[in-house]
file coords39.pdb (PDB, C-alpha atoms)
MODEL        1
ATOM      1  CA  MET A  87    -107.273 -80.485 -86.725  1.00  0.00           C
ATOM      2  CA  THR A  88    -107.798 -83.888 -88.353  1.00  0.00           C
ATOM      3  CA  PRO A  89    -104.484 -85.766 -88.517  1.00  0.00           C
ATOM      4  CA  SER A  90    -103.330 -86.706 -91.996  1.00  0.00           C
ATOM      5  CA  THR A  91    -102.833 -90.383 -92.760  1.00  0.00           C
ATOM      6  CA  THR A  92    -100.616 -89.722 -95.808  1.00  0.00           C
ATOM      7  CA  HIS A  93     -98.551 -86.575 -95.153  1.00  0.00           C
ATOM      8  CA  LEU A  94     -96.508 -85.755 -92.073  1.00  0.00           C
ATOM      9  CA  VAL A  95     -94.069 -83.022 -91.073  1.00  0.00           C
ATOM     10  CA  LEU A  96     -90.576 -84.370 -90.422  1.00  0.00           C
ATOM     11  CA  ILE A  97     -88.050 -82.238 -88.516  1.00  0.00           C
ATOM     12  CA  PRO A  98     -84.449 -83.473 -88.285  1.00  0.00           C
ATOM     13  CA  SER A  99     -82.771 -81.807 -85.315  1.00  0.00           C
ATOM     14  CA  TYR A 100     -79.208 -81.505 -84.042  1.00  0.00           C
ATOM     15  CA  ASN A 101     -78.320 -79.197 -81.125  1.00  0.00           C
ATOM     16  CA  PRO A 102     -80.773 -76.462 -82.186  1.00  0.00           C
ATOM     17  CA  GLY A 103     -81.104 -74.855 -78.768  1.00  0.00           C
ATOM     18  CA  THR A 104     -84.424 -73.716 -77.374  1.00  0.00           C
ATOM     19  CA  GLN A 105     -85.586 -72.446 -80.776  1.00  0.00           C
ATOM     20  CA  VAL A 106     -86.649 -76.007 -81.593  1.00  0.00           C
ATOM     21  CA  TYR A 107     -89.569 -75.817 -79.187  1.00  0.00           C
ATOM     22  CA  GLU A 108     -91.006 -72.792 -80.990  1.00  0.00           C
ATOM     23  CA  THR A 109     -90.438 -74.520 -84.343  1.00  0.00           C
ATOM     24  CA  VAL A 110     -92.251 -77.650 -83.224  1.00  0.00           C
ATOM     25  CA  ARG A 111     -95.138 -75.734 -81.661  1.00  0.00           C
ATOM     26  CA  ALA A 112     -95.528 -73.654 -84.836  1.00  0.00           C
ATOM     27  CA  ALA A 113     -95.546 -76.805 -86.978  1.00  0.00           C
ATOM     28  CA  ARG A 114     -98.059 -78.530 -84.707  1.00  0.00           C
ATOM     29  CA  ALA A 115    -100.346 -75.497 -84.815  1.00  0.00           C
ATOM     30  CA  ARG A 116    -100.637 -76.028 -88.573  1.00  0.00           C
ATOM     31  CA  TRP A 117    -100.321 -79.768 -89.087  1.00  0.00           C
ATOM     32  CA  ALA A 118    -100.708 -83.206 -87.566  1.00  0.00           C
ATOM     33  CA  PRO A 119     -98.774 -85.349 -87.191  1.00  0.00           C
ATOM     34  CA  VAL A 120     -95.328 -83.850 -86.640  1.00  0.00           C
ATOM     35  CA  TRP A 121     -92.301 -86.070 -86.089  1.00  0.00           C
ATOM     36  CA  VAL A 122     -88.894 -84.929 -84.844  1.00  0.00           C
ATOM     37  CA  VAL A 123     -85.755 -87.002 -85.378  1.00  0.00           C
ATOM     38  CA  VAL A 124     -83.175 -85.975 -82.785  1.00  0.00           C
ATOM     39  CA  ASP A 125     -79.796 -86.689 -84.372  1.00  0.00           C
ATOM     40  CA  GLY A 126     -77.471 -87.204 -81.446  1.00  0.00           C
ATOM     41  CA  SER A 127     -78.175 -83.842 -79.796  1.00  0.00           C
ATOM     42  CA  THR A 128     -76.248 -83.099 -76.614  1.00  0.00           C
ATOM     43  CA  ASP A 129     -77.971 -79.822 -75.673  1.00  0.00           C
ATOM     44  CA  GLY A 130     -80.829 -81.320 -73.671  1.00  0.00           C
ATOM     45  CA  THR A 131     -83.444 -80.766 -76.379  1.00  0.00           C
ATOM     46  CA  ALA A 132     -84.092 -84.495 -76.810  1.00  0.00           C
ATOM     47  CA  GLU A 133     -85.437 -84.657 -73.270  1.00  0.00           C
ATOM     48  CA  GLY A 134     -87.394 -81.432 -73.699  1.00  0.00           C
ATOM     49  CA  LEU A 135     -89.002 -82.649 -76.929  1.00  0.00           C
ATOM     50  CA  GLN A 136     -89.879 -85.985 -75.379  1.00  0.00           C
ATOM     51  CA  ALA A 137     -91.611 -84.132 -72.563  1.00  0.00           C
ATOM     52  CA  LEU A 138     -93.657 -82.194 -75.145  1.00  0.00           C
ATOM     53  CA  ALA A 139     -94.557 -85.419 -76.932  1.00  0.00           C
ATOM     54  CA  GLU A 140     -95.884 -86.928 -73.725  1.00  0.00           C
ATOM     55  CA  GLN A 141     -98.558 -84.205 -73.751  1.00  0.00           C
ATOM     56  CA  ASP A 142     -99.298 -84.363 -77.504  1.00  0.00           C
ATOM     57  CA  ALA A 143    -100.414 -87.547 -79.249  1.00  0.00           C
ATOM     58  CA  GLN A 144     -99.671 -86.012 -82.666  1.00  0.00           C
ATOM     59  CA  LEU A 145     -96.019 -85.297 -81.839  1.00  0.00           C
ATOM     60  CA  ARG A 146     -93.524 -88.141 -82.062  1.00  0.00           C
ATOM     61  CA  VAL A 147     -89.850 -87.873 -81.137  1.00  0.00           C
ATOM     62  CA  ILE A 148     -87.311 -90.373 -82.477  1.00  0.00           C
ATOM     63  CA  VAL A 149     -83.793 -90.284 -81.035  1.00  0.00           C
ATOM     64  CA  GLN A 150     -80.744 -91.672 -82.839  1.00  0.00           C
ATOM     65  CA  THR A 151     -77.233 -91.690 -81.402  1.00  0.00           C
ATOM     66  CA  PRO A 152     -74.569 -90.737 -82.090  1.00  0.00           C
ATOM     67  CA  ASN A 153     -74.943 -87.803 -84.500  1.00  0.00           C
ATOM     68  CA  GLN A 154     -75.069 -89.192 -88.048  1.00  0.00           C
ATOM     69  CA  GLY A 155     -76.077 -86.202 -90.158  1.00  0.00           C
ATOM     70  CA  LYS A 156     -79.238 -84.621 -91.542  1.00  0.00           C
ATOM     71  CA  GLY A 157     -79.665 -87.114 -94.356  1.00  0.00           C
ATOM     72  CA  ALA A 158     -79.316 -90.049 -91.983  1.00  0.00           C
ATOM     73  CA  ALA A 159     -81.951 -88.492 -89.714  1.00  0.00           C
ATOM     74  CA  VAL A 160     -84.323 -88.013 -92.650  1.00  0.00           C
ATOM     75  CA  LEU A 161     -83.766 -91.601 -93.803  1.00  0.00           C
ATOM     76  CA  LEU A 162     -84.610 -92.897 -90.328  1.00  0.00           C
ATOM     77  CA  GLY A 163     -87.716 -90.721 -90.228  1.00  0.00           C
ATOM     78  CA  ILE A 164     -89.068 -91.688 -93.652  1.00  0.00           C
ATOM     79  CA  THR A 165     -88.346 -95.364 -93.010  1.00  0.00           C
ATOM     80  CA  GLU A 166     -90.452 -95.238 -89.851  1.00  0.00           C
ATOM     81  CA  ALA A 167     -93.074 -93.126 -91.641  1.00  0.00           C
ATOM     82  CA  ARG A 168     -93.382 -95.680 -94.442  1.00  0.00           C
ATOM     83  CA  ARG A 169     -93.899 -98.433 -91.883  1.00  0.00           C
ATOM     84  CA  ALA A 170     -96.720 -96.351 -90.413  1.00  0.00           C
ATOM     85  CA  GLY A 171     -98.385 -95.978 -93.827  1.00  0.00           C
ATOM     86  CA  PHE A 172     -97.369 -92.422 -94.744  1.00  0.00           C
ATOM     87  CA  THR A 173     -96.578 -91.587 -98.370  1.00  0.00           C
ATOM     88  CA  HIS A 174     -95.132 -88.058 -98.147  1.00  0.00           C
ATOM     89  CA  ALA A 175     -92.999 -86.068 -95.726  1.00  0.00           C
ATOM     90  CA  LEU A 176     -92.548 -82.318 -95.491  1.00  0.00           C
ATOM     91  CA  CYS A 177     -89.038 -81.722 -94.186  1.00  0.00           C
ATOM     92  CA  MET A 178     -88.191 -78.521 -92.360  1.00  0.00           C
ATOM     93  CA  ASP A 179     -85.252 -77.393 -90.262  1.00  0.00           C
ATOM     94  CA  SER A 180     -85.519 -77.197 -86.494  1.00  0.00           C
ATOM     95  CA  ASP A 181     -83.763 -73.830 -86.141  1.00  0.00           C
ATOM     96  CA  GLY A 182     -86.613 -71.497 -87.068  1.00  0.00           C
ATOM     97  CA  GLN A 183     -85.447 -70.593 -90.578  1.00  0.00           C
ATOM     98  CA  HIS A 184     -88.376 -72.217 -92.372  1.00  0.00           C
ATOM     99  CA  PRO A 185     -91.935 -70.795 -92.581  1.00  0.00           C
ATOM    100  CA  ALA A 186     -94.339 -73.005 -90.634  1.00  0.00           C
ATOM    101  CA  ASP A 187     -97.240 -70.894 -91.897  1.00  0.00           C
ATOM    102  CA  LEU A 188     -96.687 -72.350 -95.387  1.00  0.00           C
ATOM    103  CA  ILE A 189     -96.951 -75.988 -94.312  1.00  0.00           C
ATOM    104  CA  GLU A 190    -100.588 -76.296 -95.379  1.00  0.00           C
ATOM    105  CA  ARG A 191     -99.901 -74.704 -98.767  1.00  0.00           C
ATOM    106  CA  PHE A 192     -97.054 -77.112 -99.458  1.00  0.00           C
ATOM    107  CA  MET A 193     -99.103 -80.102 -98.342  1.00  0.00           C
ATOM    108  CA  THR A 194    -102.040 -79.033-100.526  1.00  0.00           C
ATOM    109  CA  THR A 195     -99.700 -78.715-103.490  1.00  0.00           C
ATOM    110  CA  SER A 196     -98.296 -82.175-102.784  1.00  0.00           C
ATOM    111  CA  ARG A 197    -101.752 -83.724-102.543  1.00  0.00           C
ATOM    112  CA  ALA A 198    -102.600 -82.244-105.940  1.00  0.00           C
ATOM    113  CA  ARG A 199     -99.316 -83.588-107.374  1.00  0.00           C
ATOM    114  CA  PRO A 200     -98.458 -86.703-105.339  1.00  0.00           C
ATOM    115  CA  ASP A 201     -95.976 -87.832-107.992  1.00  0.00           C
ATOM    116  CA  ALA A 202     -93.869 -84.668-107.563  1.00  0.00           C
ATOM    117  CA  MET A 203     -91.418 -83.225-105.068  1.00  0.00           C
ATOM    118  CA  VAL A 204     -92.567 -79.811-103.831  1.00  0.00           C
ATOM    119  CA  LEU A 205     -89.506 -77.601-103.469  1.00  0.00           C
ATOM    120  CA  GLY A 206     -89.317 -74.364-101.537  1.00  0.00           C
ATOM    121  CA  VAL A 207     -87.568 -71.577-103.430  1.00  0.00           C
ATOM    122  CA  PRO A 208     -86.057 -69.206-100.855  1.00  0.00           C
ATOM    123  CA  VAL A 209     -87.005 -65.564-100.685  1.00  0.00           C
ATOM    124  CA  PHE A 210     -84.216 -63.904 -98.731  1.00  0.00           C
ATOM    125  CA  ASP A 211     -84.434 -60.877 -96.497  1.00  0.00           C
ATOM    126  CA  ALA A 212     -81.692 -58.644 -95.108  1.00  0.00           C
ATOM    127  CA  SER A 213     -80.735 -61.256 -92.508  1.00  0.00           C
ATOM    128  CA  ALA A 214     -79.300 -63.614 -95.136  1.00  0.00           C
ATOM    129  CA  PRO A 215     -75.458 -63.736 -95.284  1.00  0.00           C
ATOM    130  CA  ALA A 216     -74.400 -62.434 -98.698  1.00  0.00           C
ATOM    131  CA  LEU A 217     -71.713 -65.108 -99.096  1.00  0.00           C
ATOM    132  CA  ARG A 218     -74.210 -67.919 -98.656  1.00  0.00           C
ATOM    133  CA  VAL A 219     -76.759 -66.305-100.982  1.00  0.00           C
ATOM    134  CA  LYS A 220     -74.150 -65.976-103.728  1.00  0.00           C
ATOM    135  CA  GLY A 221     -72.590 -69.362-103.055  1.00  0.00           C
ATOM    136  CA  ARG A 222     -75.849 -71.267-103.473  1.00  0.00           C
ATOM    137  CA  LYS A 223     -76.140 -69.960-107.034  1.00  0.00           C
ATOM    138  CA  ILE A 224     -73.123 -72.091-107.925  1.00  0.00           C
ATOM    139  CA  SER A 225     -74.648 -75.251-106.456  1.00  0.00           C
ATOM    140  CA  ASN A 226     -77.970 -74.496-108.143  1.00  0.00           C
ATOM    141  CA  TRP A 227     -76.271 -74.096-111.527  1.00  0.00           C
ATOM    142  CA  TRP A 228     -74.587 -77.476-111.167  1.00  0.00           C
ATOM    143  CA  ALA A 229     -77.819 -79.155-110.027  1.00  0.00           C
ATOM    144  CA  ASN A 230     -79.650 -77.818-113.053  1.00  0.00           C
ATOM    145  CA  LEU A 231     -76.882 -78.954-115.390  1.00  0.00           C
ATOM    146  CA  GLU A 232     -76.911 -82.428-113.825  1.00  0.00           C
ATOM    147  CA  THR A 233     -80.667 -82.690-114.494  1.00  0.00           C
ATOM    148  CA  LEU A 234     -80.690 -80.934-117.899  1.00  0.00           C
ATOM    149  CA  TRP A 235     -82.664 -78.052-116.454  1.00  0.00           C
ATOM    150  CA  VAL A 236     -85.668 -80.129-115.470  1.00  0.00           C
ATOM    151  CA  GLY A 237     -86.849 -77.196-113.341  1.00  0.00           C
ATOM    152  CA  ILE A 238     -85.172 -77.310-109.920  1.00  0.00           C
ATOM    153  CA  GLY A 239     -85.788 -73.853-108.483  1.00  0.00           C
ATOM    154  CA  ASP A 240     -83.357 -74.273-105.593  1.00  0.00           C
ATOM    155  CA  SER A 241     -81.271 -77.301-104.680  1.00  0.00           C
ATOM    156  CA  LEU A 242     -80.300 -76.332-101.134  1.00  0.00           C
ATOM    157  CA  TYR A 243     -83.437 -75.015 -99.438  1.00  0.00           C
ATOM    158  CA  GLY A 244     -84.587 -77.784 -97.112  1.00  0.00           C
ATOM    159  CA  PHE A 245     -88.262 -76.792 -96.784  1.00  0.00           C
ATOM    160  CA  ARG A 246     -89.833 -79.293 -99.181  1.00  0.00           C
ATOM    161  CA  VAL A 247     -92.212 -82.231 -99.534  1.00  0.00           C
ATOM    162  CA  TYR A 248     -90.780 -85.576-100.646  1.00  0.00           C
ATOM    163  CA  PRO A 249     -92.638 -88.635-101.893  1.00  0.00           C
ATOM    164  CA  ILE A 250     -91.290 -91.129 -99.383  1.00  0.00           C
ATOM    165  CA  GLU A 251     -90.855 -94.314-101.368  1.00  0.00           C
ATOM    166  CA  PRO A 252     -88.719 -92.919-104.243  1.00  0.00           C
ATOM    167  CA  LEU A 253     -86.469 -91.053-101.800  1.00  0.00           C
ATOM    168  CA  ARG A 254     -86.071 -94.051 -99.529  1.00  0.00           C
ATOM    169  CA  ALA A 255     -85.241 -96.329-102.453  1.00  0.00           C
ATOM    170  CA  ILE A 256     -82.576 -93.918-103.734  1.00  0.00           C
ATOM    171  CA  MET A 257     -80.929 -93.526-100.350  1.00  0.00           C
ATOM    172  CA  ARG A 258     -80.842 -97.256 -99.662  1.00  0.00           C
ATOM    173  CA  ARG A 259     -79.009 -97.894-102.941  1.00  0.00           C
ATOM    174  CA  GLN A 260     -75.971 -95.764-102.058  1.00  0.00           C
ATOM    175  CA  ARG A 261     -74.118 -94.503 -99.008  1.00  0.00           C
ATOM    176  CA  TRP A 262     -74.055 -90.779 -99.770  1.00  0.00           C
ATOM    177  CA  MET A 263     -76.668 -88.117 -98.910  1.00  0.00           C
ATOM    178  CA  ARG A 264     -76.227 -88.601 -95.181  1.00  0.00           C
ATOM    179  CA  ARG A 265     -74.953 -85.173 -94.114  1.00  0.00           C
ATOM    180  CA  PHE A 266     -74.994 -81.626 -95.537  1.00  0.00           C
ATOM    181  CA  ASP A 267     -75.006 -83.094 -99.047  1.00  0.00           C
ATOM    182  CA  PHE A 268     -78.498 -84.507 -98.504  1.00  0.00           C
ATOM    183  CA  ASP A 269     -80.693 -81.660 -99.794  1.00  0.00           C
ATOM    184  CA  PRO A 270     -79.018 -81.008-103.179  1.00  0.00           C
ATOM    185  CA  GLU A 271     -78.256 -84.656-103.929  1.00  0.00           C
ATOM    186  CA  ALA A 272     -81.812 -85.698-103.098  1.00  0.00           C
ATOM    187  CA  VAL A 273     -83.379 -83.397-105.689  1.00  0.00           C
ATOM    188  CA  VAL A 274     -80.894 -84.386-108.407  1.00  0.00           C
ATOM    189  CA  ARG A 275     -81.321 -88.115-107.868  1.00  0.00           C
ATOM    190  CA  LEU A 276     -85.099 -87.829-107.571  1.00  0.00           C
ATOM    191  CA  ALA A 277     -85.148 -85.903-110.846  1.00  0.00           C
ATOM    192  CA  TRP A 278     -83.066 -88.688-112.433  1.00  0.00           C
ATOM    193  CA  ALA A 279     -85.702 -91.146-111.178  1.00  0.00           C
ATOM    194  CA  GLY A 280     -88.434 -89.176-112.952  1.00  0.00           C
ATOM    195  CA  VAL A 281     -89.831 -87.298-109.950  1.00  0.00           C
ATOM    196  CA  ARG A 282     -90.687 -83.846-111.262  1.00  0.00           C
ATOM    197  CA  PRO A 283     -90.153 -80.682-109.182  1.00  0.00           C
ATOM    198  CA  VAL A 284     -92.898 -78.218-108.324  1.00  0.00           C
ATOM    199  CA  ASN A 285     -91.445 -74.929-107.079  1.00  0.00           C
ATOM    200  CA  VAL A 286     -93.153 -72.771-104.453  1.00  0.00           C
ATOM    201  CA  PRO A 287     -91.632 -69.494-103.169  1.00  0.00           C
ATOM    202  CA  ALA A 288     -90.994 -69.426 -99.424  1.00  0.00           C
ATOM    203  CA  PRO A 289     -89.217 -66.951 -97.141  1.00  0.00           C
ATOM    204  CA  VAL A 290     -86.114 -67.939 -95.218  1.00  0.00           C
ATOM    205  CA  LYS A 291     -84.946 -66.158 -92.097  1.00  0.00           C
ATOM    206  CA  TYR A 292     -81.460 -66.321 -90.621  1.00  0.00           C
ATOM    207  CA  LEU A 293     -81.878 -65.800 -86.898  1.00  0.00           C
ATOM    208  CA  SER A 294     -79.188 -63.939 -85.002  1.00  0.00           C
ATOM    209  CA  GLN A 295     -77.638 -65.422 -81.859  1.00  0.00           C
ATOM    210  CA  ALA A 296     -79.715 -62.987 -79.821  1.00  0.00           C
ATOM    211  CA  GLU A 297     -82.836 -64.440 -81.459  1.00  0.00           C
ATOM    212  CA  GLY A 298     -81.765 -67.989 -80.651  1.00  0.00           C
ATOM    213  CA  GLY A 299     -80.206 -68.742 -84.030  1.00  0.00           C
ATOM    214  CA  VAL A 300     -77.806 -71.685 -84.215  1.00  0.00           C
ATOM    215  CA  SER A 301     -75.761 -72.622 -87.301  1.00  0.00           C
ATOM    216  CA  HIS A 302     -73.695 -75.760 -87.789  1.00  0.00           C
ATOM    217  CA  PHE A 303     -72.575 -74.761 -91.283  1.00  0.00           C
ATOM    218  CA  ASN A 304     -68.808 -74.910 -91.762  1.00  0.00           C
ATOM    219  CA  TYR A 305     -67.640 -73.143 -94.922  1.00  0.00           C
ATOM    220  CA  PHE A 306     -64.566 -75.301 -95.535  1.00  0.00           C
ATOM    221  CA  ARG A 307     -65.965 -78.699 -94.510  1.00  0.00           C
ATOM    222  CA  ASP A 308     -69.381 -78.328 -96.092  1.00  0.00           C
ATOM    223  CA  ASN A 309     -68.230 -76.692 -99.319  1.00  0.00           C
ATOM    224  CA  ARG A 310     -65.682 -79.502 -99.710  1.00  0.00           C
ATOM    225  CA  LEU A 311     -68.517 -81.972 -99.189  1.00  0.00           C
ATOM    226  CA  LEU A 312     -70.637 -80.207-101.834  1.00  0.00           C
ATOM    227  CA  THR A 313     -67.723 -80.183-104.277  1.00  0.00           C
ATOM    228  CA  TRP A 314     -67.228 -83.951-103.909  1.00  0.00           C
ATOM    229  CA  MET A 315     -70.980 -84.418-104.253  1.00  0.00           C
ATOM    230  CA  HIS A 316     -71.085 -82.582-107.582  1.00  0.00           C
ATOM    231  CA  VAL A 317     -68.064 -84.541-108.830  1.00  0.00           C
ATOM    232  CA  ARG A 318     -69.851 -87.858-108.290  1.00  0.00           C
ATOM    233  CA  LEU A 319     -73.136 -86.463-109.606  1.00  0.00           C
ATOM    234  CA  MET A 320     -71.412 -85.356-112.793  1.00  0.00           C
ATOM    235  CA  VAL A 321     -70.104 -88.905-113.229  1.00  0.00           C
ATOM    236  CA  GLY A 322     -73.654 -90.175-112.775  1.00  0.00           C
ATOM    237  CA  PHE A 323     -74.919 -87.499-115.149  1.00  0.00           C
ATOM    238  CA  GLY A 324     -72.520 -88.651-117.844  1.00  0.00           C
ATOM    239  CA  LEU A 325     -73.677 -92.243-117.496  1.00  0.00           C
ATOM    240  CA  ARG A 326     -77.349 -91.209-117.606  1.00  0.00           C
ATOM    241  CA  LEU A 327     -77.066 -88.551-120.318  1.00  0.00           C
ATOM    242  CA  PRO A 328     -78.670 -90.590-123.138  1.00  0.00           C
ATOM    243  CA  GLY A 329     -81.628 -91.457-120.940  1.00  0.00           C
ATOM    244  CA  LEU A 330     -81.981 -87.893-119.679  1.00  0.00           C
ATOM    245  CA  LEU A 331     -81.972 -86.566-123.237  1.00  0.00           C
ATOM    246  CA  LEU A 332     -84.673 -89.070-124.148  1.00  0.00           C
ATOM    247  CA  GLN A 333     -86.749 -87.991-121.136  1.00  0.00           C
ATOM    248  CA  ARG A 334     -86.412 -84.365-122.168  1.00  0.00           C
ATOM    249  CA  LEU A 335     -87.449 -85.086-125.747  1.00  0.00           C
ATOM    250  CA  THR A 336     -90.397 -87.143-124.512  1.00  0.00           C
ATOM    251  CA  ARG A 337     -91.569 -84.302-122.247  1.00  0.00           C
ATOM    252  CA  ARG A 338     -91.398 -81.844-125.131  1.00  0.00           C
ATOM    253  CA  GLY A 339     -93.277 -84.212-127.377  1.00  0.00           C
TER     254      GLY A 339
ENDMDL
END
call {"tool": "encode", "arguments": {"input": "coords39.pdb", "output": "structure tokens"}}
result
Amino acid sequence: MTPSTTHLVLIPSYNPGTQVYETVRAARARWAPVWVVVDGSTDGTAEGLQALAEQDAQLRVIVQTPNQGKGAAVLLGITEARRAGFTHALCMDSDGQHPADLIERFMTTSRARPDAMVLGVPVFDASAPALRVKGRKISNWWANLETLWVGIGDSLYGFRVYPIEPLRAIMRRQRWMRRFDFDPEAVVRLAWAGVRPVNVPAPVKYLSQAEGGVSHFNYFRDNRLLTWMHVRLMVGFGLRLPGLLLQRLTRRG
């Protein structure tokens, strides 16, 4: 496999358990390079991943401490990636939910549309918790309102390819998007910046504990975080509404 000089796989990771090793191996089997940002993990996986990287020149492990959140891990990763000359990053979770076998398809789509963000649209199976499937519809409705229905297929699914420089610039201008609010806020703010979405269906699997599944989602804490996120995005939407309307009219014209 010839390593890409423009596109890399970026995996933020926090206490994922042993499932992370399978995730990383699956990603490496389909792409090079793969970078993992260990976000203050205390489960021993940082050491295990570093041992893997010692045997694989196309695997890089970056460790930040203490835990700062998914968005902070992504920001660290894309900042280092930009310094190394990369232009795009495919982000995927470390817990085995995302389909490594679609990495090449997403990267090919991104290469054909380097100006766009390539968003995974989840295809759920029976393992998906009904409450989370229904709840994401609310967040998706708000994200589409905040972007005047520019075409965001799903605002929460983290399997996606970002153009690095626009995302990095957005995150450096404000202090949000550092934790669970990262995925939905990133697509809204990128859309505001003129980065168009390209939607690609992708399966999502919720692993049981017996299968090594680990979830750090907290219904009260994270839904409160999402609510505050949409409040501030609606304020931003109001301020940008004339410009967004003009963009929409220009696209139609």
call {"tool": "residues_around", "arguments": {"input": "coords39.pdb", "residues": "Tyr248 (chain A)", "least_positions_apart": "5", "cutoff": "9 Å", "atoms": "all atoms listed in the file", "output": "list of chain:residue names"}}
result
A:Thr173, A:His174, A:Ala175, A:Leu176, A:Cys177, A:Ser196, A:Ala202, A:Met203, A:Val204, A:Leu205, A:Leu253
call {"tool": "resolve_selection", "arguments": {"input": "coords39.pdb", "expression": "the PyMOL selection byres ((chain A and resi 97) around 12)", "output": "PDB file with C-alpha atoms, in the frame of the given file"}}
result
ATOM      1  CA  LEU A  94     -96.508 -85.755 -92.073  1.00  0.00           C
ATOM      2  CA  VAL A  95     -94.069 -83.022 -91.073  1.00  0.00           C
ATOM      3  CA  LEU A  96     -90.576 -84.370 -90.422  1.00  0.00           C
ATOM      4  CA  PRO A  98     -84.449 -83.473 -88.285  1.00  0.00           C
ATOM      5  CA  SER A  99     -82.771 -81.807 -85.315  1.00  0.00           C
ATOM      6  CA  TYR A 100     -79.208 -81.505 -84.042  1.00  0.00           C
ATOM      7  CA  PRO A 102     -80.773 -76.462 -82.186  1.00  0.00           C
ATOM      8  CA  VAL A 106     -86.649 -76.007 -81.593  1.00  0.00           C
ATOM      9  CA  TYR A 107     -89.569 -75.817 -79.187  1.00  0.00           C
ATOM     10  CA  THR A 109     -90.438 -74.520 -84.343  1.00  0.00           C
ATOM     11  CA  VAL A 110     -92.251 -77.650 -83.224  1.00  0.00           C
ATOM     12  CA  ARG A 111     -95.138 -75.734 -81.661  1.00  0.00           C
ATOM     13  CA  ALA A 112     -95.528 -73.654 -84.836  1.00  0.00           C
ATOM     14  CA  ALA A 113     -95.546 -76.805 -86.978  1.00  0.00           C
ATOM     15  CA  ARG A 114     -98.059 -78.530 -84.707  1.00  0.00           C
ATOM     16  CA  PRO A 119     -98.774 -85.349 -87.191  1.00  0.00           C
ATOM     17  CA  VAL A 120     -95.328 -83.850 -86.640  1.00  0.00           C
ATOM     18  CA  TRP A 121     -92.301 -86.070 -86.089  1.00  0.00           C
ATOM     19  CA  VAL A 122     -88.894 -84.929 -84.844  1.00  0.00           C
ATOM     20  CA  VAL A 123     -85.755 -87.002 -85.378  1.00  0.00           C
ATOM     21  CA  VAL A 124     -83.175 -85.975 -82.785  1.00  0.00           C
ATOM     22  CA  ASP A 125     -79.796 -86.689 -84.372  1.00  0.00           C
ATOM     23  CA  LEU A 135     -89.002 -82.649 -76.929  1.00  0.00           C
ATOM     24  CA  LEU A 145     -96.019 -85.297 -81.839  1.00  0.00           C
ATOM     25  CA  ARG A 146     -93.524 -88.141 -82.062  1.00  0.00           C
ATOM     26  CA  VAL A 147     -89.850 -87.873 -81.137  1.00  0.00           C
ATOM     27  CA  ILE A 148     -87.311 -90.373 -82.477  1.00  0.00           C
ATOM     28  CA  VAL A 149     -83.793 -90.284 -81.035  1.00  0.00           C
ATOM     29  CA  LYS A 156     -79.238 -84.621 -91.542  1.00  0.00           C
ATOM     30  CA  GLY A 157     -79.665 -87.114 -94.356  1.00  0.00           C
ATOM     31  CA  ALA A 159     -81.951 -88.492 -89.714  1.00  0.00           C
ATOM     32  CA  VAL A 160     -84.323 -88.013 -92.650  1.00  0.00           C
ATOM     33  CA  LEU A 161     -83.766 -91.601 -93.803  1.00  0.00           C
ATOM     34  CA  LEU A 162     -84.610 -92.897 -90.328  1.00  0.00           C
ATOM     35  CA  GLY A 163     -87.716 -90.721 -90.228  1.00  0.00           C
ATOM     36  CA  ILE A 164     -89.068 -91.688 -93.652  1.00  0.00           C
ATOM     37  CA  ALA A 175     -92.999 -86.068 -95.726  1.00  0.00           C
ATOM     38  CA  LEU A 176     -92.548 -82.318 -95.491  1.00  0.00           C
ATOM     39  CA  CYS A 177     -89.038 -81.722 -94.186  1.00  0.00           C
ATOM     40  CA  MET A 178     -88.191 -78.521 -92.360  1.00  0.00           C
ATOM     41  CA  ASP A 179     -85.252 -77.393 -90.262  1.00  0.00           C
ATOM     42  CA  SER A 180     -85.519 -77.197 -86.494  1.00  0.00           C
ATOM     43  CA  ASP A 181     -83.763 -73.830 -86.141  1.00  0.00           C
ATOM     44  CA  GLY A 182     -86.613 -71.497 -87.068  1.00  0.00           C
ATOM     45  CA  HIS A 184     -88.376 -72.217 -92.372  1.00  0.00           C
ATOM     46  CA  ALA A 186     -94.339 -73.005 -90.634  1.00  0.00           C
ATOM     47  CA  GLY A 244     -84.587 -77.784 -97.112  1.00  0.00           C
ATOM     48  CA  PHE A 245     -88.262 -76.792 -96.784  1.00  0.00           C
ATOM     49  CA  ARG A 246     -89.833 -79.293 -99.181  1.00  0.00           C
ATOM     50  CA  VAL A 247     -92.212 -82.231 -99.534  1.00  0.00           C
TER      51      VAL A 247
END
call {"tool": "resolve_selection", "arguments": {"input": "coords39.pdb", "expression": "the PyMOL selection byres ((chain A and resi 269) around 9)", "output": "PyMOL selection string"}}
result
chain A and resi 156-157+241-244+263+265-268+270-273
call {"tool": "residues_near_point", "arguments": {"input": "coords39.pdb", "point": "(-97.5, -92.8, -101.0)", "cutoff": "7 Å", "atoms": "all atoms listed in the file", "output": "PyMOL selection string"}}
result
chain A and resi 92+172-174+249-251
call {"tool": "resolve_selection", "arguments": {"input": "coords39.pdb", "expression": "the PyMOL selection byres ((chain A and resi 228-236) around 10)", "output": "PyMOL selection string"}}
result
chain A and resi 222-227+237-242+270-271+273-278+280-283+316-317+319-324+326-327+330-331+333-334+337
call {"tool": "atom_distance", "arguments": {"input": "coords39.pdb", "atom1": "CA of Leu311 (chain A)", "atom2": "CA of Pro185 (chain A)"}}
result
26.8 Å
call {"tool": "decode", "arguments": {"input": "coords39.pdb", "residues": "region 241-250 of chain A", "atoms": "C-alpha atoms", "output": "compact mmCIF listing (two decimals), in the first residue's frame"}}
result
# COMPACT_ATOMS: atom_id res chain seq x y z
CA SER A 241 -24.77 15.78 12.09
CA LEU A 242 -23.64 13.29 14.73
CA TYR A 243 -22.05 10.36 12.90
CA GLY A 244 -18.30 10.77 13.37
CA PHE A 245 -17.10 8.73 10.38
CA ARG A 246 -16.26 11.54 7.96
CA VAL A 247 -13.51 13.26 5.98
CA TYR A 248 -12.67 16.87 6.84
CA PRO A 249 -10.63 19.35 4.83
CA ILE A 250 -8.06 20.19 7.49
